[in-house]
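Asker: Please find my_file.txt (compact mmCIF, C-alpha atoms) on the next line:
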```txt
# COMPACT_ATOMS: atom_id res chain seq x y z
CA MET N 1106 109.44 18.98 16.07
CA MET N 1107 110.48 15.36 16.46
CA ASN N 1108 107.80 14.89 19.09
CA ARG N 1109 105.22 16.12 16.62
CA LEU N 1110 106.46 13.71 13.97
CA ARG N 1111 106.29 10.90 16.50
CA ILE N 1112 102.69 11.77 17.38
CA VAL N 1113 101.68 11.94 13.72
CA GLY N 1114 103.42 8.61 13.13
CA ILE N 1115 101.59 6.97 16.03
CA ILE N 1116 98.26 8.32 14.75
CA LEU N 1117 98.97 6.94 11.28
CA LEU N 1118 99.90 3.59 12.80
CA VAL N 1119 96.60 3.43 14.68
CA ILE N 1120 94.65 4.43 11.57
CA GLY N 1121 96.53 1.79 9.59
CA VAL N 1122 95.66 -0.89 12.11
CA LEU N 1123 91.99 0.11 11.94
CA PHE N 1124 92.01 -0.08 8.15
CA MET N 1125 93.71 -3.47 8.26
CA VAL N 1126 91.11 -4.75 10.72
CA GLY N 1127 88.34 -3.37 8.49
CA GLY N 1128 89.87 -5.09 5.47
CA GLY N 1129 90.08 -8.36 7.38
CA VAL N 1130 86.44 -8.15 8.46
CA ALA N 1131 85.33 -7.33 4.90
CA PHE N 1132 87.36 -10.25 3.53
CA SER N 1133 85.83 -12.59 6.10
CA LYS N 1134 82.30 -11.51 5.18
CA VAL N 1135 83.03 -11.95 1.48
CA GLN N 1136 84.31 -15.47 2.08
CA ASP N 1137 81.16 -16.27 4.06
CA GLY N 1138 79.13 -15.02 1.10
CA TYR N 1139 81.06 -17.18 -1.35
CA GLY N 1140 80.52 -20.17 0.91
CA SER N 1141 76.78 -19.55 1.17
CA LEU N 1142 76.42 -19.06 -2.57
CA ALA N 1143 78.28 -22.29 -3.28
CA ALA N 1144 76.23 -24.18 -0.68
CA PHE N 1145 72.98 -22.88 -2.20
CA SER N 1146 74.04 -23.97 -5.68
CA GLU N 1147 75.23 -27.34 -4.41
CA ALA N 1148 71.91 -27.94 -2.67
CA GLN N 1149 70.12 -27.45 -5.99
CA GLY N 1150 72.66 -29.59 -7.84
CA VAL N 1151 72.82 -27.33 -10.91
CA GLU N 1152 75.95 -28.11 -12.95
CA LEU N 1153 77.20 -27.32 -16.42
CA SER N 1154 77.99 -30.14 -18.83
CA TYR N 1155 81.45 -30.71 -20.31
CA ASN N 1156 82.79 -33.40 -22.62
CA GLU N 1157 85.95 -35.43 -22.05
CA ASP N 1158 87.98 -32.66 -23.69
CA GLY N 1159 86.78 -30.08 -21.18
CA GLN N 1160 84.49 -28.32 -23.69
CA LEU N 1161 81.06 -27.03 -22.81
CA ILE N 1162 78.24 -29.10 -24.28
CA ASP N 1163 74.48 -28.78 -24.40
CA ARG N 1164 72.36 -31.85 -24.96
CA GLY N 1165 75.49 -33.73 -25.89
CA THR N 1166 76.96 -31.38 -28.50
CA THR N 1167 79.44 -28.52 -28.47
CA GLU N 1168 77.42 -26.85 -31.23
CA GLY N 1169 74.53 -26.38 -28.84
CA ALA N 1170 76.83 -24.84 -26.24
CA ASP N 1171 78.35 -22.55 -28.88
CA ALA N 1172 74.89 -21.33 -29.89
CA ILE N 1173 74.07 -20.59 -26.25
CA MET N 1174 77.35 -18.73 -25.80
CA THR N 1175 76.58 -16.68 -28.92
CA LEU N 1176 73.25 -15.67 -27.40
CA LEU N 1177 75.03 -14.72 -24.20
CA THR N 1178 77.84 -12.72 -25.78
CA ASP N 1179 76.37 -11.29 -28.98
CA ASP N 1180 72.69 -10.77 -28.12
CA TRP N 1181 73.05 -9.96 -24.43
CA GLY N 1182 76.48 -8.33 -24.58
CA PHE N 1183 77.86 -10.29 -21.64
CA SER N 1184 81.62 -10.84 -21.37
CA PRO N 1185 82.21 -14.27 -19.80
CA VAL N 1186 85.25 -14.93 -17.64
CA SER N 1187 86.89 -18.03 -19.09
CA GLY N 1188 88.40 -18.92 -15.72
CA ASP N 1189 84.90 -19.32 -14.26
CA LEU N 1190 84.12 -22.13 -16.70
CA ASP N 1191 86.10 -24.93 -15.08
CA PRO N 1192 85.44 -28.53 -16.18
CA GLY N 1193 86.87 -29.64 -12.84
CA ASP N 1194 84.24 -27.61 -11.00
CA PRO N 1195 80.98 -27.76 -13.01
CA LEU N 1196 78.87 -26.42 -10.13
CA VAL N 1197 77.07 -23.23 -11.14
CA ASN N 1198 78.33 -20.71 -8.57
CA THR N 1199 80.01 -17.88 -10.50
CA ALA N 1200 78.56 -14.93 -12.44
CA THR N 1201 79.62 -16.42 -15.79
CA GLU N 1202 78.12 -19.81 -14.94
CA PHE N 1203 74.88 -18.26 -13.71
CA MET N 1204 74.59 -16.19 -16.89
CA TYR N 1205 75.40 -19.17 -19.11
CA GLN N 1206 72.74 -21.26 -17.37
CA MET N 1207 70.26 -18.40 -17.79
CA ALA N 1208 71.14 -18.22 -21.49
CA THR N 1209 70.63 -21.99 -21.77
CA ILE N 1210 67.07 -21.75 -20.50
CA ASN N 1211 66.29 -18.76 -22.70
CA TYR N 1212 67.87 -20.34 -25.77
CA HIS N 1213 65.70 -23.45 -25.60
CA VAL N 1214 62.55 -21.39 -25.00
CA LEU N 1215 63.37 -19.01 -27.87
CA HIS N 1216 64.01 -21.90 -30.28
CA GLY N 1217 61.26 -24.19 -29.08
CA THR N 1218 57.96 -25.26 -30.60
CA GLN N 1219 54.66 -25.16 -28.75
CA THR N 1220 51.63 -27.34 -29.49
CA ILE N 1221 48.43 -25.29 -29.51
CA VAL N 1222 45.04 -26.96 -29.48
CA LEU N 1223 42.05 -24.86 -30.57
CA THR N 1224 38.82 -26.40 -29.37
CA GLU N 1225 36.75 -24.15 -31.63
CA ASP N 1226 37.19 -22.06 -34.73
CA ALA N 1227 38.86 -18.68 -34.30
CA GLU N 1228 39.52 -15.64 -36.42
CA PHE N 1229 42.09 -12.88 -36.17
CA GLU N 1230 42.30 -9.85 -38.43
CA GLY N 1231 40.48 -11.63 -41.22
CA GLU N 1232 42.48 -14.85 -40.94
CA ALA N 1233 40.59 -18.00 -40.01
CA PHE N 1234 41.95 -20.61 -37.64
CA PRO N 1235 39.82 -23.77 -37.70
CA ALA N 1236 39.63 -25.86 -34.57
CA GLY N 1237 42.49 -28.33 -34.36
CA THR N 1238 46.14 -28.81 -33.35
CA TYR N 1239 48.88 -26.40 -34.43
CA GLU N 1240 52.64 -26.47 -34.03
CA PHE N 1241 53.74 -22.93 -33.22
CA GLU N 1242 57.42 -22.00 -33.44
CA VAL N 1243 58.51 -19.43 -30.88
CA ASP N 1244 61.10 -18.21 -33.39
CA GLY N 1245 63.10 -15.98 -31.05
CA ARG N 1246 60.13 -14.28 -29.38
CA TYR N 1247 60.59 -13.03 -25.86
CA TRP N 1248 57.65 -12.61 -23.47
CA THR N 1249 56.78 -9.13 -24.74
CA ASP N 1250 57.04 -10.09 -28.43
CA PHE N 1251 53.83 -12.11 -28.50
CA ASN N 1252 50.42 -10.77 -29.52
CA ARG N 1253 48.13 -11.92 -26.74
CA SER N 1254 45.05 -11.39 -28.89
CA HIS N 1255 46.27 -13.84 -31.52
CA PRO N 1256 44.59 -17.26 -31.17
CA LEU N 1257 47.95 -19.04 -31.47
CA GLU N 1258 50.46 -16.53 -30.10
CA GLY N 1259 48.46 -15.90 -26.93
CA PRO N 1260 48.44 -19.53 -25.74
CA ALA N 1261 51.98 -20.10 -27.06
CA ARG N 1262 53.33 -17.28 -24.91
CA SER N 1263 52.04 -18.77 -21.66
CA GLN N 1264 53.21 -22.24 -22.68
CA ALA N 1265 56.71 -21.13 -23.68
CA TRP N 1266 57.39 -18.52 -21.02
CA THR N 1267 55.98 -20.34 -18.05
CA GLY N 1268 56.14 -19.25 -14.44
CA THR N 1269 58.85 -21.84 -13.92
CA VAL N 1270 60.99 -20.29 -16.66
CA HIS N 1271 60.55 -16.80 -15.22
CA GLY N 1272 61.32 -18.09 -11.73
CA LEU N 1273 64.50 -19.86 -12.82
CA VAL N 1274 65.70 -16.85 -14.80
CA GLY N 1275 65.04 -14.60 -11.81
CA GLU N 1276 66.87 -16.95 -9.46
CA LEU N 1277 69.87 -17.18 -11.75
CA GLY N 1278 69.87 -13.40 -12.09
CA VAL N 1279 70.06 -13.08 -8.31
CA GLY N 1280 72.99 -15.49 -8.31
CA THR N 1281 74.78 -13.41 -10.94
CA VAL N 1282 74.30 -10.17 -9.01
CA THR N 1283 75.29 -11.82 -5.73
CA HIS N 1284 78.56 -13.12 -7.15
CA SER N 1285 79.32 -9.73 -8.74
CA VAL N 1286 78.66 -7.95 -5.44
CA LEU N 1287 80.95 -10.40 -3.64
CA GLN N 1288 83.70 -9.60 -6.15
CA ILE N 1289 83.20 -5.89 -5.44
CA GLY N 1290 83.38 -6.68 -1.73
CA LEU N 1291 86.65 -8.50 -2.28
CA GLY N 1292 88.01 -5.44 -4.06
CA ILE N 1293 86.92 -3.18 -1.20
CA ALA N 1294 88.64 -5.49 1.29
CA ALA N 1295 91.84 -5.27 -0.75
CA ILE N 1296 91.62 -1.47 -0.90
CA LEU N 1297 91.11 -1.21 2.86
CA ALA N 1298 94.05 -3.51 3.50
CA GLY N 1299 96.20 -1.54 1.06
CA ILE N 1300 95.38 1.79 2.69
CA GLY N 1301 96.05 0.26 6.09
CA PHE N 1302 99.42 -1.08 4.99
CA LEU N 1303 100.50 2.27 3.51
CA SER N 1304 99.32 4.13 6.59
CA MET N 1305 101.21 1.77 8.91
CA LEU N 1306 104.32 1.98 6.71
CA THR N 1307 104.23 5.79 6.74
CA GLY N 1308 103.48 5.97 10.44
CA GLY N 1309 106.22 3.53 11.28
CA GLY N 1310 108.66 5.51 9.16
CA LEU N 1311 107.81 8.74 10.97
CA VAL N 1312 108.23 7.11 14.38
CA TRP N 1313 111.56 5.63 13.31
CA ALA N 1314 112.76 8.98 11.95
CA SER N 1315 111.73 10.78 15.15
CA ARG N 1316 114.02 8.47 17.16
CA SER N 1317 117.17 9.49 15.27
CA LYS N 1318 120.18 10.52 17.36
CA GLY N 1319 119.97 14.05 18.64
CA ASN N 1320 116.20 14.22 18.03
CA GLY N 1321 116.80 16.58 15.11
CA MET N 1322 117.78 16.72 11.47
CA PRO N 1323 121.49 16.09 10.86
CA GLY N 1324 123.47 19.35 10.63
CA VAL N 1325 120.45 21.51 11.49
CA PRO N 1326 120.32 22.94 15.07
CA ASP N 1327 117.02 22.78 16.95
CA THR N 1328 117.47 26.44 18.09
CA ILE N 1329 118.87 29.59 16.50
CA PRO N 1330 122.36 30.41 17.87
CA GLU N 1331 122.52 33.53 20.01
CA SER N 1332 125.07 35.18 17.63
CA MET N 1333 122.69 34.78 14.69
CA SER N 1334 119.82 36.08 16.76
CA LYS N 1335 121.79 39.25 17.61
CA PHE N 1336 122.76 39.64 13.94
CA ALA N 1337 119.14 39.42 12.93
CA SER N 1338 118.24 42.06 15.52
CA THR N 1339 120.98 44.45 14.25
CA GLU N 1340 119.86 44.08 10.65
CA ALA N 1341 116.31 44.83 11.70
```
For this file, produce the structure as structure tokens.
Answerer:
Amino acid sequence: MMNRLRIVGIILLVIGVLFMVGGGVAFSKVQDGYGSLAAFSEAQGVELSYNEDGQLIDRGTTEGADAIMTLLTDDWGFSPVSGDLDPGDPLVNTATEFMYQMATINYHVLHGTQTIVLTEDAEFEGEAFPAGTYEFEVDGRYWTDFNRSHPLEGPARSQAWTGTVHGLVGELGVGTVTHSVLQIGLGIAAILAGIGFLSMLTGGGLVWASRSKGNGMPGVPDTIPESMSKFASTEA
């Protein structure tokens, strides 16, 4: 029986080593991903702005940053990680920072004003729009909230939600997902390492137990004594 325990222990040790190696490889890949993401962000030079007190600011005020954070948390339902917002490391390279930067772009588009120039008179649903210059407030409209047939809303939509805005939002979204996936990868690496450690601990324990003196359990004989065997036969 001790030989069997030893074999099982050795198998568990081998499995544990394999899990530990897998965890190490996964951790290495995750670190490579973090490095690439940081290098990509650094190449673009996108950083968040903080004041001397370490508070987020937008266009010089904390009120602007608070409004952006409200959009992010209340309207979009995102839960930022406060540790990701580090004044000592303003580079945008974490999921919270990517989402905050995305909210910054959206906030200024949603609360912006577009200048529309009509070169000729227009009419929409009985309302006349003489040729001239109009200041059109976006007033919280997303891309799909505009009426393209409207002589002012149609042009305002393409001016507010430009291809550049869509491209930046898409790029920041990719950064958010990438960082989140890397965090999942880090968790998987930890799980693999944990399973490997437990497997090695169990396997090592079985091998150690199988080497106990007498190669058997204390007080328990490896074979049935002949006298007990005869007694069992008589009872039968």
Asker: Could you name the residues that touch Ala1200 in chain N at 7 Å or less, counting only C-alpha atoms, but leaving out those on the same chain fewer than 5 positions away, as a list in words?
Answerer: Gly1280, Thr1281, His1284 and Ser1285 of chain N
Asker: Grab the CA of Ala1143 in chain N to CA of Glu1202 in chain N distance for me, in Å with one decimal place.
Answerer: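 Between CA of Ala1143 in chain N and CA of Glu1202 in chain N the gap works out to 11.9 Å.
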Asker: What does the distance from CA of Val1222 in chain N to CA of Phe1251 in chain N come to in Å, to one decimal?
Answerer: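 That distance, rounded to one decimal, is 17.3 Å.
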Asker: Show which residues sit within 7 Å of Leu1223 in chain N, as an NGL selection string. Count all atoms listed in the file, and ignore same-chain residues fewer than 4 positions away.
Answerer: :N and (1236-1238)
Asker: Can you tell me, as JSON, the centre and edge lengths (Å, one decimal) of the axis-aligned box enclosing all of range 1283-1286 of chain N's listed atoms after padding each side by 5 Å?
Answerer:
```
{"center_x": 77.3, "center_y": -10.5, "center_z": -7.1, "size_x": 14.0, "size_y": 15.2, "size_z": 13.3}
```
Asker: Which neighbours of range 1170-1186 of chain N fall inside 7 Å, counting all atoms listed in the file, when residues of the same chain fewer than 2 positions from it are skipped, and could you give them as a list in words?
Answerer: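 What passes the distance filter is Leu1161, Ile1162, Asp1163, Thr1166, Thr1167, Glu1168, Gly1188, Asp1189, Thr1201, Tyr1205, Ala1208, Thr1209 and Tyr1212 of chain N.
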Asker: Kindly give the distance, in Å, that separates CA of Ala1148 in chain N and CA of Ala1131 in chain N, rounded to a single decimal.
Answerer: 25.7 Å
Asker: Write out as a list in words the residues lying within 10 Å of Trp1266 in chain N, counting all atoms listed in the file and excluding same-chain residues fewer than 2 positions away.
Answerer: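 Returned residues: Asn1211, Val1214, Leu1215, Val1243, Arg1246, Tyr1247, Trp1248, Ala1261, Arg1262, Ser1263, Gln1264, Gly1268, Thr1269, Val1270 and His1271 of chain N.
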Asker: I need the residues from that last selection saved to file as a compact mmCIF listing (two decimals), in the coordinates of the input (with C-alpha atoms), if you can.
Answerer:
```txt
# COMPACT_ATOMS: atom_id res chain seq x y z
CA ASN N 1211 66.29 -18.76 -22.70
CA VAL N 1214 62.55 -21.39 -25.00
CA LEU N 1215 63.37 -19.01 -27.87
CA VAL N 1243 58.51 -19.43 -30.88
CA ARG N 1246 60.13 -14.28 -29.38
CA TYR N 1247 60.59 -13.03 -25.86
CA TRP N 1248 57.65 -12.61 -23.47
CA ALA N 1261 51.98 -20.10 -27.06
CA ARG N 1262 53.33 -17.28 -24.91
CA SER N 1263 52.04 -18.77 -21.66
CA GLN N 1264 53.21 -22.24 -22.68
CA GLY N 1268 56.14 -19.25 -14.44
CA THR N 1269 58.85 -21.84 -13.92
CA VAL N 1270 60.99 -20.29 -16.66
CA HIS N 1271 60.55 -16.80 -15.22
```
Asker: Skip Thr1307 in chain N itself and residues of its chain fewer than 6 positions away, then list as a PyMOL selection string all residues within 8 Å of it, counting only C-alpha atoms.
Answerer: chain N and resi 1114+1117-1118
Asker: Counting all atoms listed in the file, which of N:Gly1309, N:Gly1299, N:Gly1169, N:Gly1272 gets nearest to Gly1127 in chain N?
Answerer: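 Closest to Gly1127 in chain N of all the choices is N:Gly1299.
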